[in-house]
file target-v4.tsv (TSV, C-alpha atoms and all ligand atoms)
chain	number	residue	atom	x	y	z
A	2	MET	CA	56.58	52.79	59.46
A	3	PRO	CA	59.04	55.01	57.66
A	4	ASP	CA	62.05	53.74	59.62
A	5	THR	CA	61.67	50.18	58.34
A	6	GLU	CA	60.81	51.07	54.74
A	7	PHE	CA	63.12	49.50	52.22
A	8	GLU	CA	65.20	52.15	50.46
A	9	PRO	CA	66.53	50.48	47.30
A	10	GLN	CA	69.93	51.17	45.81
A	11	ILE	CA	69.50	51.94	42.15
A	12	ILE	CA	72.24	52.70	39.67
A	13	ALA	CA	71.35	54.43	36.41
A	14	PHE	CA	73.82	54.22	33.53
A	15	CYS	CA	72.96	57.36	31.58
A	16	CYS	CA	74.10	58.50	28.17
A	17	MET	CA	75.76	61.96	28.34
A	18	HIS	CA	73.86	63.32	25.38
A	19	CYS	CA	70.28	62.51	26.28
A	20	ALA	CA	69.42	60.77	29.52
A	21	TYR	CA	72.06	62.50	31.62
A	22	ALA	CA	70.95	65.87	30.27
A	23	ALA	CA	67.33	64.86	30.95
A	24	ALA	CA	68.18	64.00	34.56
A	25	ASP	CA	69.94	67.35	34.86
A	26	LEU	CA	66.91	69.13	33.46
A	27	ALA	CA	64.65	67.24	35.84
A	28	GLY	CA	66.76	68.62	38.68
A	29	SER	CA	66.90	72.20	37.45
A	30	SER	CA	63.19	72.29	36.69
A	31	ARG	CA	62.39	70.80	40.10
A	32	HIS	CA	60.86	67.54	38.97
A	33	GLU	CA	61.57	65.21	41.85
A	34	TYR	CA	62.95	61.75	41.46
A	35	PRO	CA	64.05	59.35	44.23
A	36	VAL	CA	67.34	60.12	45.92
A	37	SER	CA	68.18	56.43	45.98
A	38	LEU	CA	68.88	56.62	42.25
A	39	LYS	CA	72.58	57.21	41.58
A	40	ILE	CA	73.70	58.22	38.13
A	41	VAL	CA	76.77	56.97	36.26
A	42	ALA	CA	77.37	59.06	33.14
A	43	LEU	CA	78.51	57.24	30.03
A	44	PRO	CA	79.52	58.74	26.68
A	45	CYS	CA	76.82	56.54	25.13
A	46	THR	CA	74.75	53.61	26.42
A	47	GLY	CA	76.65	51.59	23.81
A	48	ARG	CA	79.48	51.72	26.37
A	49	THR	CA	77.40	49.66	28.81
A	50	ASP	CA	79.29	46.45	29.38
A	51	MET	CA	77.28	43.44	30.48
A	52	GLY	CA	79.93	42.88	33.14
A	53	HIS	CA	79.31	46.37	34.55
A	54	ILE	CA	75.63	45.60	35.01
A	55	LEU	CA	76.24	42.26	36.74
A	56	LYS	CA	79.01	43.60	38.98
A	57	THR	CA	76.71	46.45	39.96
A	58	PHE	CA	74.21	43.92	41.25
A	59	GLU	CA	76.98	41.92	42.85
A	60	ASP	CA	78.21	45.03	44.65
A	61	GLY	CA	74.82	45.62	46.19
A	62	ALA	CA	72.49	47.38	43.76
A	63	ASP	CA	68.84	46.36	43.91
A	64	GLY	CA	68.03	47.70	40.47
A	65	VAL	CA	69.87	48.95	37.40
A	66	LEU	CA	68.49	51.41	34.90
A	67	VAL	CA	70.13	51.92	31.52
A	68	ALA	CA	68.97	55.22	30.06
A	69	GLY	CA	69.75	56.18	26.50
A	70	CYS	CA	68.62	58.41	23.68
A	71	LEU	CA	65.34	57.87	21.89
A	72	THR	CA	65.43	55.03	19.37
A	73	GLY	CA	66.88	56.28	16.12
A	74	ARG	CA	68.38	59.34	17.84
A	75	CYS	CA	71.62	57.91	19.21
A	76	HIS	CA	74.53	60.34	18.78
A	77	TYR	CA	76.62	57.39	17.67
A	78	GLN	CA	73.87	55.96	15.49
A	79	SER	CA	73.30	52.60	17.11
A	80	GLY	CA	74.81	52.64	20.60
A	81	ASN	CA	71.42	52.51	22.30
A	82	LEU	CA	70.38	49.58	20.10
A	83	TYR	CA	73.44	47.60	21.21
A	84	ALA	CA	72.64	48.55	24.79
A	85	LYS	CA	69.08	47.25	24.36
A	86	GLN	CA	70.37	43.85	23.16
A	87	ARG	CA	72.77	43.62	26.09
A	88	VAL	CA	70.08	44.58	28.58
A	89	GLU	CA	67.92	41.78	27.17
A	90	TYR	CA	70.82	39.31	27.44
A	91	VAL	CA	71.59	40.27	31.03
A	92	GLY	CA	67.86	40.18	31.84
A	93	ASP	CA	67.83	36.50	30.86
A	94	LEU	CA	70.98	35.94	32.87
A	95	LEU	CA	69.40	37.55	35.93
A	96	GLU	CA	66.55	35.06	35.74
A	97	GLN	CA	69.07	32.19	35.53
A	98	ILE	CA	70.88	33.61	38.54
A	99	GLY	CA	67.67	33.75	40.52
A	100	LEU	CA	67.13	37.51	40.40
A	101	GLN	CA	64.10	38.96	38.63
A	102	HIS	CA	64.73	40.46	35.19
A	103	GLU	CA	62.49	43.39	36.20
A	104	ARG	CA	65.42	44.62	38.27
A	105	LEU	CA	67.06	45.75	35.06
A	106	ARG	CA	65.31	48.14	32.68
A	107	MET	CA	66.24	50.21	29.69
A	108	ILE	CA	64.51	53.52	29.06
A	109	ASN	CA	64.86	55.99	26.20
A	110	VAL	CA	64.51	59.73	26.71
A	111	SER	CA	65.66	62.86	24.89
A	112	ALA	CA	67.61	65.69	26.52
A	113	GLY	CA	64.43	67.72	26.78
A	114	MET	CA	62.41	65.08	28.62
A	115	GLY	CA	63.30	66.02	32.20
A	116	ALA	CA	59.81	65.42	33.56
A	117	ARG	CA	59.54	62.09	31.78
A	118	PHE	CA	62.90	60.99	33.19
A	119	ALA	CA	61.75	61.80	36.73
A	120	GLU	CA	58.51	59.93	36.11
A	121	LEU	CA	60.24	56.79	34.75
A	122	ALA	CA	62.85	56.87	37.52
A	123	SER	CA	60.13	57.04	40.19
A	124	GLU	CA	58.16	54.27	38.51
A	125	PHE	CA	61.24	52.04	38.38
A	126	THR	CA	62.05	52.74	42.02
A	127	GLU	CA	58.52	51.70	42.96
A	128	THR	CA	58.96	48.43	41.04
A	129	ILE	CA	62.20	47.71	42.88
A	130	LYS	CA	60.62	48.58	46.22
A	131	LEU	CA	57.91	46.02	45.53
A	132	LEU	CA	60.50	43.39	44.58
A	133	GLY	CA	62.41	44.07	47.78
A	134	PRO	CA	66.13	43.49	48.41
A	135	THR	CA	68.01	41.06	46.15
A	136	GLY	CA	68.80	38.69	48.99
A	137	LEU	CA	72.51	38.67	48.19
A	138	THR	CA	74.74	38.57	51.23
A	139	LYS	CA	77.13	41.18	49.81
A	140	LYS	CA	80.40	39.43	50.42
A	141	PRO	CA	83.56	41.14	49.20
A	142	ARG	CA	84.16	40.37	45.56
A	143	SER	CA	86.63	37.60	44.72
A	144	LYS	CA	90.05	38.41	43.43
A	145	GLU	CA	91.45	38.39	39.93
A	146	ILE	CA	94.63	36.42	39.52
A	147	PRO	CA	97.03	37.84	36.95
A	148	LEU	CA	98.97	35.82	34.43
A	149	ALA	CA	102.47	34.80	35.51
A	150	PRO	CA	104.44	36.99	33.11
A	151	GLU	CA	107.91	36.24	34.56
A	152	LYS	CA	107.49	32.56	33.94
A	153	SER	CA	105.92	32.83	30.50
A	154	THR	CA	108.58	35.24	29.23
A	155	LYS	CA	111.35	33.10	30.61
A	156	LEU	CA	109.97	30.13	28.77
A	157	MET	CA	109.46	32.03	25.58
A	158	GLN	CA	113.12	33.14	25.58
A	159	SER	CA	114.58	29.81	24.71
A	160	THR	CA	113.41	27.30	22.18
A	161	LEU	CA	115.43	24.65	23.92
A	162	ALA	CA	113.65	25.31	27.17
A	163	LYS	CA	110.39	25.08	25.30
A	164	ASN	CA	111.29	21.72	23.80
A	165	GLU	CA	112.27	20.42	27.19
A	166	GLN	CA	108.90	21.49	28.44
A	167	ILE	CA	107.21	19.53	25.69
A	168	ILE	CA	109.17	16.39	26.57
A	169	HIS	CA	108.37	17.03	30.21
A	170	TRP	CA	104.71	17.31	29.28
A	171	VAL	CA	104.46	13.83	27.79
A	172	ASP	CA	106.17	12.13	30.71
A	173	PRO	CA	103.33	11.50	33.16
A	174	LYS	CA	105.67	10.86	36.09
A	175	SER	CA	107.15	14.33	35.90
A	176	ILE	CA	103.83	16.13	35.64
A	177	GLY	CA	103.10	18.08	38.73
A	178	LYS	CA	106.76	18.33	39.78
A	179	SER	CA	107.41	21.45	37.76
A	180	VAL	CA	104.46	23.21	39.27
A	181	ALA	CA	105.55	22.88	42.87
B	19	MET	CA	89.08	28.32	15.46
B	20	ILE	CA	87.43	26.07	18.00
B	21	VAL	CA	83.96	27.38	18.69
B	22	ALA	CA	82.29	26.87	22.05
B	23	ASP	CA	79.25	28.01	23.94
B	24	GLN	CA	78.66	28.52	27.63
B	25	LYS	CA	76.73	25.88	29.57
B	26	PRO	CA	73.54	27.08	31.29
B	27	ILE	CA	74.16	28.68	34.69
B	28	GLU	CA	71.99	26.01	36.33
B	29	ASP	CA	74.24	23.19	35.02
B	30	ILE	CA	77.40	24.89	36.23
B	31	LYS	CA	75.75	25.65	39.57
B	32	GLN	CA	75.05	21.93	39.99
B	33	MET	CA	78.70	21.10	39.24
B	34	LEU	CA	79.82	23.55	41.91
B	35	ARG	CA	77.63	22.08	44.65
B	36	GLY	CA	79.58	21.35	47.78
B	37	LYS	CA	82.60	23.37	46.60
B	38	ARG	CA	83.81	26.13	48.86
B	39	LYS	CA	86.34	27.89	46.66
B	40	VAL	CA	86.91	27.54	42.94
B	41	LEU	CA	89.38	28.99	40.44
B	42	ALA	CA	87.83	29.93	37.09
B	43	VAL	CA	90.37	29.73	34.27
B	44	GLY	CA	89.56	31.36	30.93
B	45	CYS	CA	91.56	30.99	27.74
B	46	GLY	CA	92.77	33.87	25.59
B	47	THR	CA	92.81	32.04	22.27
B	48	CYS	CA	89.91	30.40	20.34
B	49	VAL	CA	87.21	30.71	22.99
B	50	ALA	CA	88.11	34.35	23.57
B	51	VAL	CA	87.45	35.29	19.95
B	52	CYS	CA	84.16	33.40	19.88
B	53	PHE	CA	83.17	35.21	23.10
B	54	ALA	CA	82.71	32.09	25.20
B	55	GLY	CA	85.70	31.93	27.54
B	56	GLY	CA	87.89	35.04	27.34
B	57	LYS	CA	88.55	37.56	30.09
B	58	ARG	CA	85.19	39.27	29.68
B	59	GLU	CA	83.21	36.08	29.71
B	60	VAL	CA	85.10	34.86	32.77
B	61	GLY	CA	84.13	38.08	34.57
B	62	LEU	CA	80.52	37.81	33.52
B	63	LEU	CA	80.10	34.12	34.33
B	64	CYS	CA	81.89	34.31	37.68
B	65	SER	CA	79.84	37.29	38.74
B	66	ALA	CA	76.68	35.42	37.76
B	67	LEU	CA	77.78	32.25	39.56
B	68	ARG	CA	78.77	34.05	42.74
B	69	MET	CA	75.31	35.59	42.90
B	70	ALA	CA	73.48	32.42	41.87
B	71	THR	CA	75.22	30.25	44.46
B	72	ASP	CA	74.78	32.93	47.12
B	73	LEU	CA	71.04	33.15	46.44
B	74	ALA	CA	70.81	29.36	46.57
B	75	GLY	CA	72.26	29.52	50.07
B	76	GLU	CA	75.47	27.71	49.13
B	77	PRO	CA	77.85	30.54	48.25
B	78	VAL	CA	80.96	29.55	46.35
B	79	GLU	CA	83.98	31.81	46.38
B	80	ILE	CA	85.23	32.10	42.82
B	81	ASP	CA	88.53	33.65	41.77
B	82	GLU	CA	89.15	34.56	38.16
B	83	THR	CA	92.11	34.20	35.86
B	84	VAL	CA	92.82	33.88	32.16
B	85	VAL	CA	95.73	32.13	30.49
B	86	GLN	CA	96.89	32.84	26.98
B	87	ARG	CA	96.48	29.24	25.82
B	88	GLU	CA	94.91	26.69	28.09
B	89	CYS	CA	95.85	23.71	25.92
B	90	GLU	CA	99.62	24.06	26.45
B	91	GLN	CA	101.35	23.19	29.66
B	92	GLU	CA	103.78	26.13	29.54
B	93	TYR	CA	100.89	28.51	29.82
B	94	ILE	CA	99.09	26.83	32.69
B	95	GLU	CA	101.80	25.41	34.92
B	96	HIS	CA	102.05	28.57	37.05
B	97	LEU	CA	98.52	27.89	38.27
B	98	GLY	CA	99.85	24.92	40.20
B	99	GLU	CA	101.47	27.25	42.70
B	100	ARG	CA	98.12	28.28	44.15
B	101	LEU	CA	95.87	25.31	43.61
B	102	ASP	CA	96.01	24.22	47.25
B	103	GLU	CA	93.51	26.94	48.04
B	104	TYR	CA	90.88	25.61	45.67
B	105	ASP	CA	88.42	22.73	45.67
B	106	ALA	CA	88.22	22.74	41.89
B	107	ILE	CA	89.11	24.53	38.67
B	108	LEU	CA	86.24	25.74	36.53
B	109	SER	CA	87.61	25.85	33.00
B	110	LEU	CA	86.28	28.25	30.41
B	111	GLY	CA	88.53	26.69	27.80
B	112	CYS	CA	87.47	24.23	25.13
B	113	GLY	CA	87.51	20.50	25.86
B	114	VAL	CA	91.21	20.45	25.04
B	115	GLY	CA	91.92	23.10	27.65
B	116	VAL	CA	89.91	21.25	30.29
B	117	GLN	CA	91.92	18.08	29.65
B	118	SER	CA	95.26	19.87	29.63
B	119	LEU	CA	94.42	21.27	33.05
B	120	ALA	CA	93.37	17.81	34.25
B	121	ASP	CA	96.58	16.27	32.88
B	122	SER	CA	98.74	18.92	34.51
B	123	PHE	CA	97.05	18.89	37.90
B	124	PRO	CA	96.26	15.29	38.84
B	125	ASN	CA	95.12	16.26	42.33
B	126	THR	CA	92.64	18.93	41.35
B	127	ARG	CA	89.14	18.42	40.01
B	128	VAL	CA	88.59	20.25	36.70
B	129	LEU	CA	85.06	21.15	35.63
B	130	PRO	CA	83.94	22.38	32.20
B	131	ALA	CA	81.96	25.61	31.94
B	132	LEU	CA	81.65	25.42	28.16
B	133	ASN	CA	80.22	23.08	25.58
B	134	THR	CA	82.78	22.78	22.81
B	135	LYS	CA	80.88	22.78	19.54
B	136	PHE	CA	82.99	22.68	16.39
B	137	MET	CA	85.86	23.96	14.28
B	138	GLY	CA	84.45	26.88	12.41
B	139	ALA	CA	84.47	30.53	11.51
B	140	PRO	CA	82.30	33.57	12.05
B	141	SER	CA	79.88	33.89	9.14
B	142	GLY	CA	78.43	37.20	10.29
B	143	GLN	CA	78.37	39.36	13.40
B	144	GLY	CA	77.51	37.06	16.29
B	145	VAL	CA	77.18	33.94	14.11
B	146	TRP	CA	79.62	31.02	13.85
B	147	GLU	CA	79.41	28.10	11.47
B	148	GLU	CA	81.11	24.75	11.27
B	149	ARG	CA	83.72	24.44	8.54
B	150	CYS	CA	85.90	21.40	9.26
B	151	GLN	CA	85.49	18.01	10.92
B	152	GLY	CA	89.16	17.12	10.97
B	153	CYS	CA	88.72	14.02	8.77
B	154	GLY	CA	92.50	13.84	8.41
B	155	ASN	CA	92.46	13.66	4.63
B	156	CYS	CA	91.54	17.05	3.22
B	157	LEU	CA	89.58	17.02	-0.02
B	158	LEU	CA	89.03	20.76	-0.46
B	159	GLU	CA	91.23	20.55	-3.54
B	160	TYR	CA	88.45	18.69	-5.35
B	161	THR	CA	85.48	20.62	-4.02
B	162	GLY	CA	86.39	24.20	-4.79
B	163	GLY	CA	87.43	24.97	-1.22
B	164	ILE	CA	84.02	24.13	0.28
B	165	CYS	CA	83.86	21.15	2.63
B	166	PRO	CA	80.94	18.77	2.01
B	167	ILE	CA	81.84	16.71	5.07
B	168	SER	CA	81.18	19.50	7.52
B	169	ARG	CA	78.67	21.50	5.48
B	170	CYS	CA	76.43	18.86	3.84
B	171	PRO	CA	74.30	17.08	6.47
B	172	LYS	CA	74.55	13.85	4.46
B	173	GLN	CA	78.30	14.20	3.96
B	174	LEU	CA	77.79	13.45	0.29
B	175	MET	CA	80.84	13.07	-1.91
B	176	ASN	CA	78.91	13.56	-5.15
B	177	GLY	CA	76.09	15.97	-4.51
B	178	PRO	CA	73.81	17.72	-4.64
B	179	CYS	CA	71.33	15.13	-3.53
B	180	GLY	CA	68.34	16.51	-5.41
B	181	GLY	CA	66.76	18.10	-2.37
B	182	THR	CA	68.31	21.52	-2.84
B	183	ASP	CA	65.62	24.20	-3.07
B	184	GLN	CA	65.36	26.99	-5.63
B	185	GLY	CA	67.37	29.35	-3.47
B	186	GLY	CA	70.22	26.85	-3.02
B	187	ARG	CA	69.20	25.86	0.50
B	188	CYS	CA	69.52	22.37	1.95
B	189	GLU	CA	66.45	20.13	2.26
B	190	VAL	CA	67.52	18.97	5.71
B	191	ASP	CA	67.45	22.49	7.11
B	192	PRO	CA	66.68	25.60	5.06
B	193	GLU	CA	69.02	27.55	7.34
B	194	ILE	CA	71.92	25.64	5.78
B	195	PRO	CA	73.09	26.73	2.35
B	196	CYS	CA	73.46	23.55	0.25
B	197	ALA	CA	77.17	22.71	0.26
B	198	TRP	CA	77.05	21.06	-3.14
B	199	TYR	CA	75.05	23.82	-4.76
B	200	ASN	CA	77.79	26.18	-3.63
B	201	ILE	CA	80.57	23.82	-4.71
B	202	TRP	CA	79.13	23.77	-8.24
B	203	ALA	CA	78.55	27.53	-8.27
B	204	ARG	CA	82.03	28.30	-7.03
B	205	MET	CA	83.76	25.91	-9.40
B	206	ASP	CA	81.70	27.31	-12.26
B	207	ASN	CA	82.86	30.78	-11.32
B	208	LEU	CA	86.48	29.58	-11.33
B	209	ASN	CA	85.94	27.82	-14.66
B	210	ILE	CA	86.93	24.47	-13.18
B	211	GLN	CA	83.52	22.81	-13.14
B	212	ASP	CA	84.80	20.04	-15.45
B	213	GLU	CA	87.02	18.82	-12.59
B	214	LEU	CA	83.86	17.65	-10.88
B	215	MET	CA	83.46	15.06	-13.66
B	216	GLU	CA	86.63	13.24	-12.59
B	217	ILE	CA	86.03	9.94	-10.83
B	218	HIS	CA	87.72	9.55	-7.46
B	219	PRO	CA	88.13	6.36	-5.44
B	220	PRO	CA	86.00	6.17	-2.28
B	221	LYS	CA	87.26	8.49	0.43
B	222	ASP	CA	89.76	6.96	2.81
B	223	TRP	CA	88.17	7.37	6.23
B	224	SER	CA	90.93	5.53	8.07
B	225	THR	CA	92.47	8.92	8.84
B	226	SER	CA	89.28	10.06	10.56
B	227	ARG	CA	88.51	9.42	14.20
B	228	ASP	CA	87.08	5.90	14.11
B	229	GLY	CA	90.38	4.45	15.31
B	230	GLY	CA	90.21	6.50	18.50
B	231	MET	CA	92.50	9.29	19.59
B	232	ARG	CA	94.80	10.41	16.81
B	233	ARG	CA	98.37	11.55	17.19
B	234	ILE	CA	100.91	13.49	15.15
B	235	VAL	CA	104.60	12.83	15.83
B	236	ARG	CA	107.22	15.26	14.51
B	237	LYS	CA	110.67	13.75	15.10
B	238	ASP	CA	112.33	16.99	13.97
B	239	LEU	CA	110.78	18.84	16.90
B	240	GLN	CA	111.62	16.28	19.54
B	241	LYS	CA	114.58	16.36	21.88
B	242	PRO	CA	117.47	14.66	20.10
B	243	GLU	CA	118.96	11.54	21.66
B	244	LEU	CA	122.43	10.16	21.11
B	245	ASP	CA	122.47	6.86	19.20
B	246	GLU	CA	125.00	4.08	19.98
B	247	GLY	CA	127.43	4.85	17.16
B	248	ASP	CA	127.12	8.63	17.39
B	249	SER	CA	130.06	9.34	19.71
C	301	LIG	S1	70.59	19.68	-0.15
C	301	LIG	FE1	72.79	19.93	-0.46
C	301	LIG	S2	73.64	20.19	1.59
C	301	LIG	FE2	71.58	19.38	1.84
C	301	LIG	S3	71.86	17.16	1.97
C	301	LIG	FE3	71.46	17.62	-0.19
C	301	LIG	S4	73.49	17.93	-1.08
C	301	LIG	FE4	73.77	17.98	1.13
call {"tool": "encode", "arguments": {"input": "target-v4.tsv", "output": "C-alpha cells"}}
result
Amino acid sequence: MPDTEFEPQIIAFCCMHCAYAAADLAGSSRHEYPVSLKIVALPCTGRTDMGHILKTFEDGADGVLVAGCLTGRCHYQSGNLYAKQRVEYVGDLLEQIGLQHERLRMINVSAGMGARFAELASEFTETIKLLGPTGLTKKPRSKEIPLAPEKSTKLMQSTLAKNEQIIHWVDPKSIGKSVA
Amino acid sequence: MIVADQKPIEDIKQMLRGKRKVLAVGCGTCVAVCFAGGKREVGLLCSALRMATDLAGEPVEIDETVVQRECEQEYIEHLGERLDEYDAILSLGCGVGVQSLADSFPNTRVLPALNTKFMGAPSGQGVWEERCQGCGNCLLEYTGGICPISRCPKQLMNGPCGGTDQGGRCEVDPEIPCAWYNIWARMDNLNIQDELMEIHPPKDWSTSRDGGMRRIVRKDLQKPELDEGDS
C-alpha cells in the first residue's frame, strides 16, 4: 500500500567539510539515499545547537541526523566531539519528553565516503519509518516576548527613580499597582 | 554566583498539569552563566515541555522571555502588563527570582523550573563547586582564602581531621579536595603558616541563618525623610 506508507521527515545537520561533501559525492556518483532526508549545511557540527535539534523536532521532523567528520579529523579539531556530547544530552532529553532517543543519531563520515553516507542515511530512514510519526500535533510554535527596553532604560536614567522603586518594592500595598 | 540546576522534565510537567498557557521567565544573571536559566536554556526547556505536554495529551502553550535580573522588581515589573493571558509563570531564575516574581504578582501562580544549589564558582569546564555558605561572619582572613565552612564536610575550624588521604582528598568523599589540607598548603606557600597557631574564640554563628531570614538595612540608600526640626 504505497499510498499509506509513512514518509518520514528527516533533517540532517551536515558539516561542510566532510558529511556535506560526502552527501554531494553520493549524489554525483549516483548512490541513492531517501528523498525525505533534507540537508542543512553547517560550517562544523560543533555549530549544532541543542536548541536547533529540539526545535527541529518541534517543527515536525521525525528524525534528526547530525553528520560530522571522522573522529579525530574535525577541521576545527574538536567540533564533532562537542556535537557528540550534545547529541547524547539531547538524546536523554528526548526520552524525558517521551520521544525515542533513536530519533536522533550522530554519524561520522569523510568527504570521500559518499556510498557510506547514502547507506547510513537509508539505514536511519528505515529506523525512523519503523518508529513511525512522533505523535506531536504540530501546533504553531509559541512566541518569544522581548524585554521591555523603554521601561528599563527609563528607570536606569535616574537614581532617584530607582530609589523610589526600591521603596515602592518594600511597601506590600503598592505592589501590583505599578504594573497595571 | 548562585548556581542552579534544572529540575527533571517530568517534575515540571507535573507542575504544569491543568495549565493552559504559561509564561516561562529566564534570568540573564547568575543562572545564565551557569547554563541553567538563561535565554538558551529557556528555549531548550520550553521546546521540550511543549513537546512533552503535547505527547501526554495535555498540551500547554508556553511563551518565552528572559529578564536581565529576576530578583529585582525594576526588571520584572513590565511582565505584569501581560500576565492576564497566563495561568502561571514558570521561573527559570534561582529561588530568589521565583520569590521576587511571586512578591510582585500576587495574583499569579509562580512555579520553579530550577533547583537552586549553592553559591559557588566554575572549577573547570562544565563543573561548578560550592564556595560560600553565607555564614555572615567571613573568616577567610584566617584560613588563607579557603572556606572550611563550605568546603570541609565537617565544617571544622581546626582541621584537618586526620582522615585526609595521601593525595590531599577528603575522607568523606574522595571527589572533594580536603579543605584543611589546602588551607595549610596555601598558607605555607604564602609563608603565613604560623598564623594557624593563633587561638581564636569559637565562631560566632549568630550571624548565620539560624535566626531565620536575615536582612541588611542601608540607611544611606533609603529615601530621606524630613525630621520634625529639619525645616
Ligand atoms: S578530610 Fe579535610 S575536608 Fe574532609 S572532613 Fe577532614 S578536614 Fe574536612
call {"tool": "residues_around", "arguments": {"input": "target-v4.tsv", "residues": "region 88-100 of chain A", "least_positions_apart": "4", "cutoff": "7 Å", "atoms": "all atoms listed in the file", "output": "PyMOL selection string"}}
result
(chain A and resi 51+84+105+107+135) or (chain B and resi 27-28+66+69-70+73)
call {"tool": "interface_residues", "arguments": {"input": "target-v4.tsv", "of": "chain B", "to": "chain A", "cutoff": "9 Å", "atoms": "only C-alpha atoms", "output": "PyMOL selection string"}}
result
chain B and resi 26-28+58-59+61-63+65-74+79-86+90-93+95-99+121-125+239-241
call {"tool": "atom_distance", "arguments": {"input": "target-v4.tsv", "atom1": "CA of Gln86 (chain A)", "atom2": "CA of Cys16 (chain A)"}}
result
15.9 Å
call {"tool": "residues_near_ligand", "arguments": {"input": "target-v4.tsv", "ligand": "ligand LIG 301 (chain C)", "cutoff": "6 Å", "atoms": "all atoms listed in the file", "output": "PyMOL selection string"}}
result
chain B and resi 170-172+177-179+181-182+188-190+196-198
call {"tool": "residues_around", "arguments": {"input": "target-v4.tsv", "residues": "Arg35 (chain B)", "least_positions_apart": "3", "cutoff": "8 Å", "atoms": "all atoms listed in the file", "output": "PyMOL selection string"}}
result
chain B and resi 31-32+76
call {"tool": "residues_around", "arguments": {"input": "target-v4.tsv", "residues": "Glu120 (chain A)", "least_positions_apart": "4", "cutoff": "12 Å", "atoms": "all atoms listed in the file", "output": "list in words"}}
result
Ala23, Ala24, Ala27, His32, Glu33, Tyr34, Pro35, Ile108, Val110, Met114, Gly115, Ala116, Glu124, Phe125, Thr126 and Glu127 of chain A
call {"tool": "residues_around", "arguments": {"input": "target-v4.tsv", "residues": "Ala22 (chain A)", "least_positions_apart": "2", "cutoff": "12 Å", "atoms": "only C-alpha atoms", "output": "PyMOL selection string"}}
result
chain A and resi 15-20+24-30+40+42-44+68-70+110-116+118-119
call {"tool": "atom_distance", "arguments": {"input": "target-v4.tsv", "atom1": "CA of Arg104 (chain A)", "atom2": "CA of Ala13 (chain A)"}}
result
11.6 Å
call {"tool": "closest_residue", "arguments": {"input": "target-v4.tsv", "among": "B:Tyr104, B:Tyr160, B:Phe136, B:Phe53", "to": "Val78 (chain B)", "atoms": "only C-alpha atoms"}}
result
B:Tyr104
call {"tool": "closest_residue", "arguments": {"input": "target-v4.tsv", "among": "A:Glu103, A:Cys45, A:Thr5, A:Leu66", "to": "Gln78 (chain A)", "atoms": "all atoms listed in the file"}}
result
A:Cys45
call {"tool": "closest_residue", "arguments": {"input": "target-v4.tsv", "among": "B:Glu147, B:Glu216, B:Gly154, B:Ala131", "to": "Ile234 (chain B)", "atoms": "all atoms listed in the file"}}
result
B:Gly154
